[in-house]
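Have a look at the structure below before the remarks.
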Amino acid sequence: MKLAYLAPEIPALSATFVYNEILALNELEHEVIPFSVHKPIMPATDQHLEQLSSKVIYLYAASKKKVFFSHLRLLTKKPTHYIKALGECVKDMFNVSILSRDARGLFYRFFYAARLAQELKDNAIQHLHVHFAHVPTDIAMYASMLSGISFSVTAHANDIFERGLLLDKKVERSSFFATISDFNLQYIQQTYQVDPDKLEIIRCGVDSRVFTRKSSTAVSSPVRIGVVGRLVEKKGIDTLISALAILKIQFSDFIVEIAGSGPLEEELKQQVTQLDLNDNVVFLGPLPHDQVVKFVRELDVFVLPCKKDKQGDMDGIPVVLMEAMMVGTAVISSRISGIPELVIDEETGKLIEPGNSEQLAGAILELIKDEALRGVLINHAEKKVQQEFSQDINAKRLETLFAESIGNL
């Protein structure tokens with residue numbers, strides 16, 4: 001198949017699952033043309049991405065003159081498609097209130113959809129797949145109408161819980177609408193009136209050839225605890241730091257490495273200082289994805305205590321949890337969103353209530369002290385990821401859905 005992929009940023013350090021999915025489809029001998037709304041603010045720099053990066057077409061980087069001529073070409077060659085697509089866009093604008101910022105945003109994205117539609121036709125694309133159900137899906141659904149080429153979606157978290165604009169229309173217009181967890185699927189069904197037959201669960205997968213199991217489950221001295229993620233509220237890094245102050249009263253032989261950057265970095269560093277944890281906590285900054293495997297493999301415990309932020313946003317199922325589980329590092333996370341579908345408490349890891357630093361301190365201490373429990377959780381965790389969150393398994397599921405979408409044209 002000849003496919004196109006669209007995401008907010010490709011290749012982005014914060015969305016490695018997008019380019020890994022493209023690479024997995026390439027291995028299945030499908031050609032994928034990558035499109036990105038923006039140029040990445042923090043691009044992924046893995047060496048094996050050079051070829052993919054060179055092929056990315058950045059939609060918003062196109063001159064308005066070039067986009068305008070795309071509109072003229074589409075109007076001239078397929079006037080019926082064009083007028084119908086424009087009519088749907090105007091109806092959508094009225095649905096969200098014609099004078100609102102949302103309406104202006106839809107029209108802006110319709111404008112750039114012509115650029116995508118023209119590229120899809122010029123490259124003889126058979127099907128377009130989109131990651132994230134907000135801005136890129138707005139562009140994709142209008143590009144699909146303008147070009148007559150089918151599209152599908154993978155929705156994640158923020159794009160459902162906080163930015164679900166016209167989500168019912170997006171499900172209706174897509175050939176299928178996937179999301180990463182059963183939690184998300186149930187939320188969509190309960191919140192929007194949509195055709196359940198259009199909904200699919202497609203996990204974000206991990207490459208088991210890269211994230212290979214380490215040989216030992218023994219803890220080091222000092223015990224190495226770590227986390228990888230953007231330093232934003234929903235990751236719960238403040239909960240982890242508070243838990244460390246509690247843990248230190250009972251057990252002090254630990255070092256915590258925080259890999260990532262973000263708007264809360266200075267605030268979190270101040271929290272570390274206030275709790276007298278400077279000797280125990282190190283901020284590493286952002287890690288290139290090809291260094292993540294080494295980082296999580298060398299940890300004794302991986303902790304990601306996710307929570308809902310003030311805007312209602314929360315993580316879906318963070319891929320880095322799967323990566324840590326695949327290499328044989330014990331994990332702790334929170335009972336929130338789809339995470340319990342991966343981290344099953346006392347079976348594949350430990351779960352705490354979001355924001356509960358006392359529970360988190362207890363869970364860390366238990367994993368440090370109880371070698372037998374740690375070994376059982378690690379073994380079950382690796383099997384869980386292999387069976388359900390493997391990149392190969394999910395790429396083949398997508399392959400089948402894409403083929404069905406093309407067949408239904």
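Ordered as shown in the structure tokens, chains take letters A, B, and onward, while each chain numbers its residues from 1 and ligands are numbered from 1 in the order shown.
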
Subject >> Shell around Arg163 (chain A) at 9 Å using only C-alpha atoms, local window under 3 positions removed, as a ChimeraX atom specification >> reply: /A:133-134,158-160,167

**OP:** Name the residues in contact with region 376-392 of chain A at a cut-off of 7 Å, using only C-alpha atoms, excluding same-chain residues fewer than 2 positions from it; report them as a ChimeraX atom specification.
**Re:** /A:24,203-208,322,325-326,328-330,346-349,372-374,394-396

For region 104-113 of chain A: contacts at 7 Å, only C-alpha atoms, fewer than 4 positions along chain excluded, given as a CSV table (one decimal) with N, CA and C atoms, in the first residue's frame:
chain,number,residue,atom,x,y,z
A,59,LEU,N,3.3,21.1,6.5
A,59,LEU,CA,2.2,21.8,5.8
A,59,LEU,C,2.2,23.3,6.1
A,67,VAL,N,-0.4,27.5,-1.3
A,67,VAL,CA,-1.6,26.8,-0.8
A,67,VAL,C,-2.8,27.4,-1.6
A,89,CYS,N,-17.2,22.4,5.8
A,89,CYS,CA,-16.4,23.3,6.6
A,89,CYS,C,-17.2,24.4,7.2
A,93,MET,N,-18.3,25.2,11.0
A,93,MET,CA,-18.0,26.5,11.7
A,93,MET,C,-19.3,27.0,12.4
A,100,SER,N,-16.7,32.3,16.7
A,100,SER,CA,-15.8,31.8,17.7
A,100,SER,C,-14.3,31.6,17.2
A,117,ALA,N,-4.3,17.9,0.5
A,117,ALA,CA,-5.1,17.1,-0.5
A,117,ALA,C,-4.3,17.0,-1.8
A,138,ASP,N,-8.5,17.8,12.0
A,138,ASP,CA,-9.3,18.8,11.3
A,138,ASP,C,-8.8,18.9,9.8
A,139,ILE,N,-7.5,19.0,9.7
A,139,ILE,CA,-6.9,19.2,8.3
A,139,ILE,C,-7.2,17.9,7.5
A,140,ALA,N,-7.0,16.8,8.1
A,140,ALA,CA,-7.1,15.5,7.4
A,140,ALA,C,-8.6,15.3,6.8
A,142,TYR,N,-10.9,17.5,6.0
A,142,TYR,CA,-11.2,18.3,4.9
A,142,TYR,C,-10.3,17.9,3.7
A,143,ALA,N,-9.1,17.5,3.9
A,143,ALA,CA,-8.2,17.0,2.8
A,143,ALA,C,-8.8,15.8,2.2

Excluding Asn278 (chain A) and its own-chain neighbours fewer than 6 positions away, which residues fall within 12 Å of it when counting only C-alpha atoms? Please give them as a PDB file with N, CA and C atoms, in the first residue's frame.
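See out-v1.pdb below for the written result:
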ATOM      1  N   ILE A 241       8.596  13.675  43.890  1.00  0.00           N
ATOM      2  CA  ILE A 241       9.559  14.386  44.746  1.00  0.00           C
ATOM      3  C   ILE A 241       9.073  14.410  46.195  1.00  0.00           C
ATOM      4  N   LEU A 244       9.704  11.101  47.765  1.00  0.00           N
ATOM      5  CA  LEU A 244      11.111  10.847  48.090  1.00  0.00           C
ATOM      6  C   LEU A 244      11.469  11.381  49.478  1.00  0.00           C
ATOM      7  N   ALA A 245      10.871  12.512  49.850  1.00  0.00           N
ATOM      8  CA  ALA A 245      11.115  13.058  51.188  1.00  0.00           C
ATOM      9  C   ALA A 245      10.600  12.100  52.260  1.00  0.00           C
ATOM     10  N   PHE A 254      19.474   5.984  47.892  1.00  0.00           N
ATOM     11  CA  PHE A 254      18.873   6.006  46.548  1.00  0.00           C
ATOM     12  C   PHE A 254      19.295   7.259  45.802  1.00  0.00           C
ATOM     13  N   ILE A 255      19.254   7.145  44.491  1.00  0.00           N
ATOM     14  CA  ILE A 255      19.450   8.282  43.591  1.00  0.00           C
ATOM     15  C   ILE A 255      18.288   8.287  42.596  1.00  0.00           C
ATOM     16  N   VAL A 256      17.738   9.454  42.340  1.00  0.00           N
ATOM     17  CA  VAL A 256      16.613   9.577  41.411  1.00  0.00           C
ATOM     18  C   VAL A 256      17.046  10.437  40.229  1.00  0.00           C
ATOM     19  N   GLU A 257      16.868   9.905  39.016  1.00  0.00           N
ATOM     20  CA  GLU A 257      17.243  10.619  37.798  1.00  0.00           C
ATOM     21  C   GLU A 257      15.973  10.978  37.018  1.00  0.00           C
ATOM     22  N   LEU A 268      10.080  22.420  39.975  1.00  0.00           N
ATOM     23  CA  LEU A 268      10.420  21.104  40.521  1.00  0.00           C
ATOM     24  C   LEU A 268      11.804  21.121  41.174  1.00  0.00           C
ATOM     25  N   LYS A 269      12.733  21.850  40.584  1.00  0.00           N
ATOM     26  CA  LYS A 269      14.072  21.972  41.184  1.00  0.00           C
ATOM     27  C   LYS A 269      13.987  22.686  42.543  1.00  0.00           C
ATOM     28  N   GLN A 270      13.126  23.698  42.628  1.00  0.00           N
ATOM     29  CA  GLN A 270      12.929  24.396  43.903  1.00  0.00           C
ATOM     30  C   GLN A 270      12.337  23.455  44.954  1.00  0.00           C
ATOM     31  N   GLN A 271      11.391  22.599  44.510  1.00  0.00           N
ATOM     32  CA  GLN A 271      10.794  21.623  45.428  1.00  0.00           C
ATOM     33  C   GLN A 271      11.860  20.668  45.969  1.00  0.00           C
ATOM     34  N   VAL A 272      12.763  20.233  45.102  1.00  0.00           N
ATOM     35  CA  VAL A 272      13.857  19.354  45.517  1.00  0.00           C
ATOM     36  C   VAL A 272      14.720  20.037  46.575  1.00  0.00           C
TER      37      VAL A 272
END

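Considering the residues A:Arg397, A:Arg224, A:His289, A:Lys66 and counting only C-alpha atoms, Met42 (chain A) has its shortest atom-to-atom contact with A:His289.
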
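Each of A:Gln186, A:Ser261, A:Ser53, A:Ser36 was checked against Leu287 (chain A) using only C-alpha atoms; the smallest atom-to-atom distance is that of A:Ser261.
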
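When only C-alpha atoms are used to compute distances to Asp309 (chain A), the closest of the residues A:Val232, A:Phe69, A:Gln250, A:Ser334 turns out to be A:Val232.
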
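Candidate residues A:Asn20, A:Ser333, A:Thr137, A:Ser14 were compared for distance to Leu165 (chain A), and the nearest is A:Thr137, using only C-alpha atoms.
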
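Straight-line separation from CA of Ser242 (chain A) to CA of Lys214 (chain A): 29.7 Å.
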
Original post:
Skipping near chain neighbours, those fewer than 3 positions away, what residues fall within 12 Å of Glu404 (chain A) using only C-alpha atoms, listed as a PyMOL selection string?
Top reply: chain A and resi 1+126-127+150-152+175-176+397-401+407-409

**OP:** Rank A:Asp313, A:Glu200, A:Leu351, A:Ala361 by their smallest atom-to-atom distance to Leu240 (chain A), using only C-alpha atoms, and report the top residue only.
**Re:** A:Ala361

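Using only C-alpha atoms, the shortest contact distance between Leu342 (chain A) and any of A:Tyr192, A:Phe251, A:Phe402, A:Phe183 is found at A:Phe183.
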
Original post:
Can you list every residue in region 138-357 of chain A that DSSP puts in helix (DSSP H, G or I), as a PyMOL selection string?
Top reply: chain A and resi 138-147+158-161+167-173+182-191+196-198+233-235+237-250+265-274+289-297+319-327+339-341+357
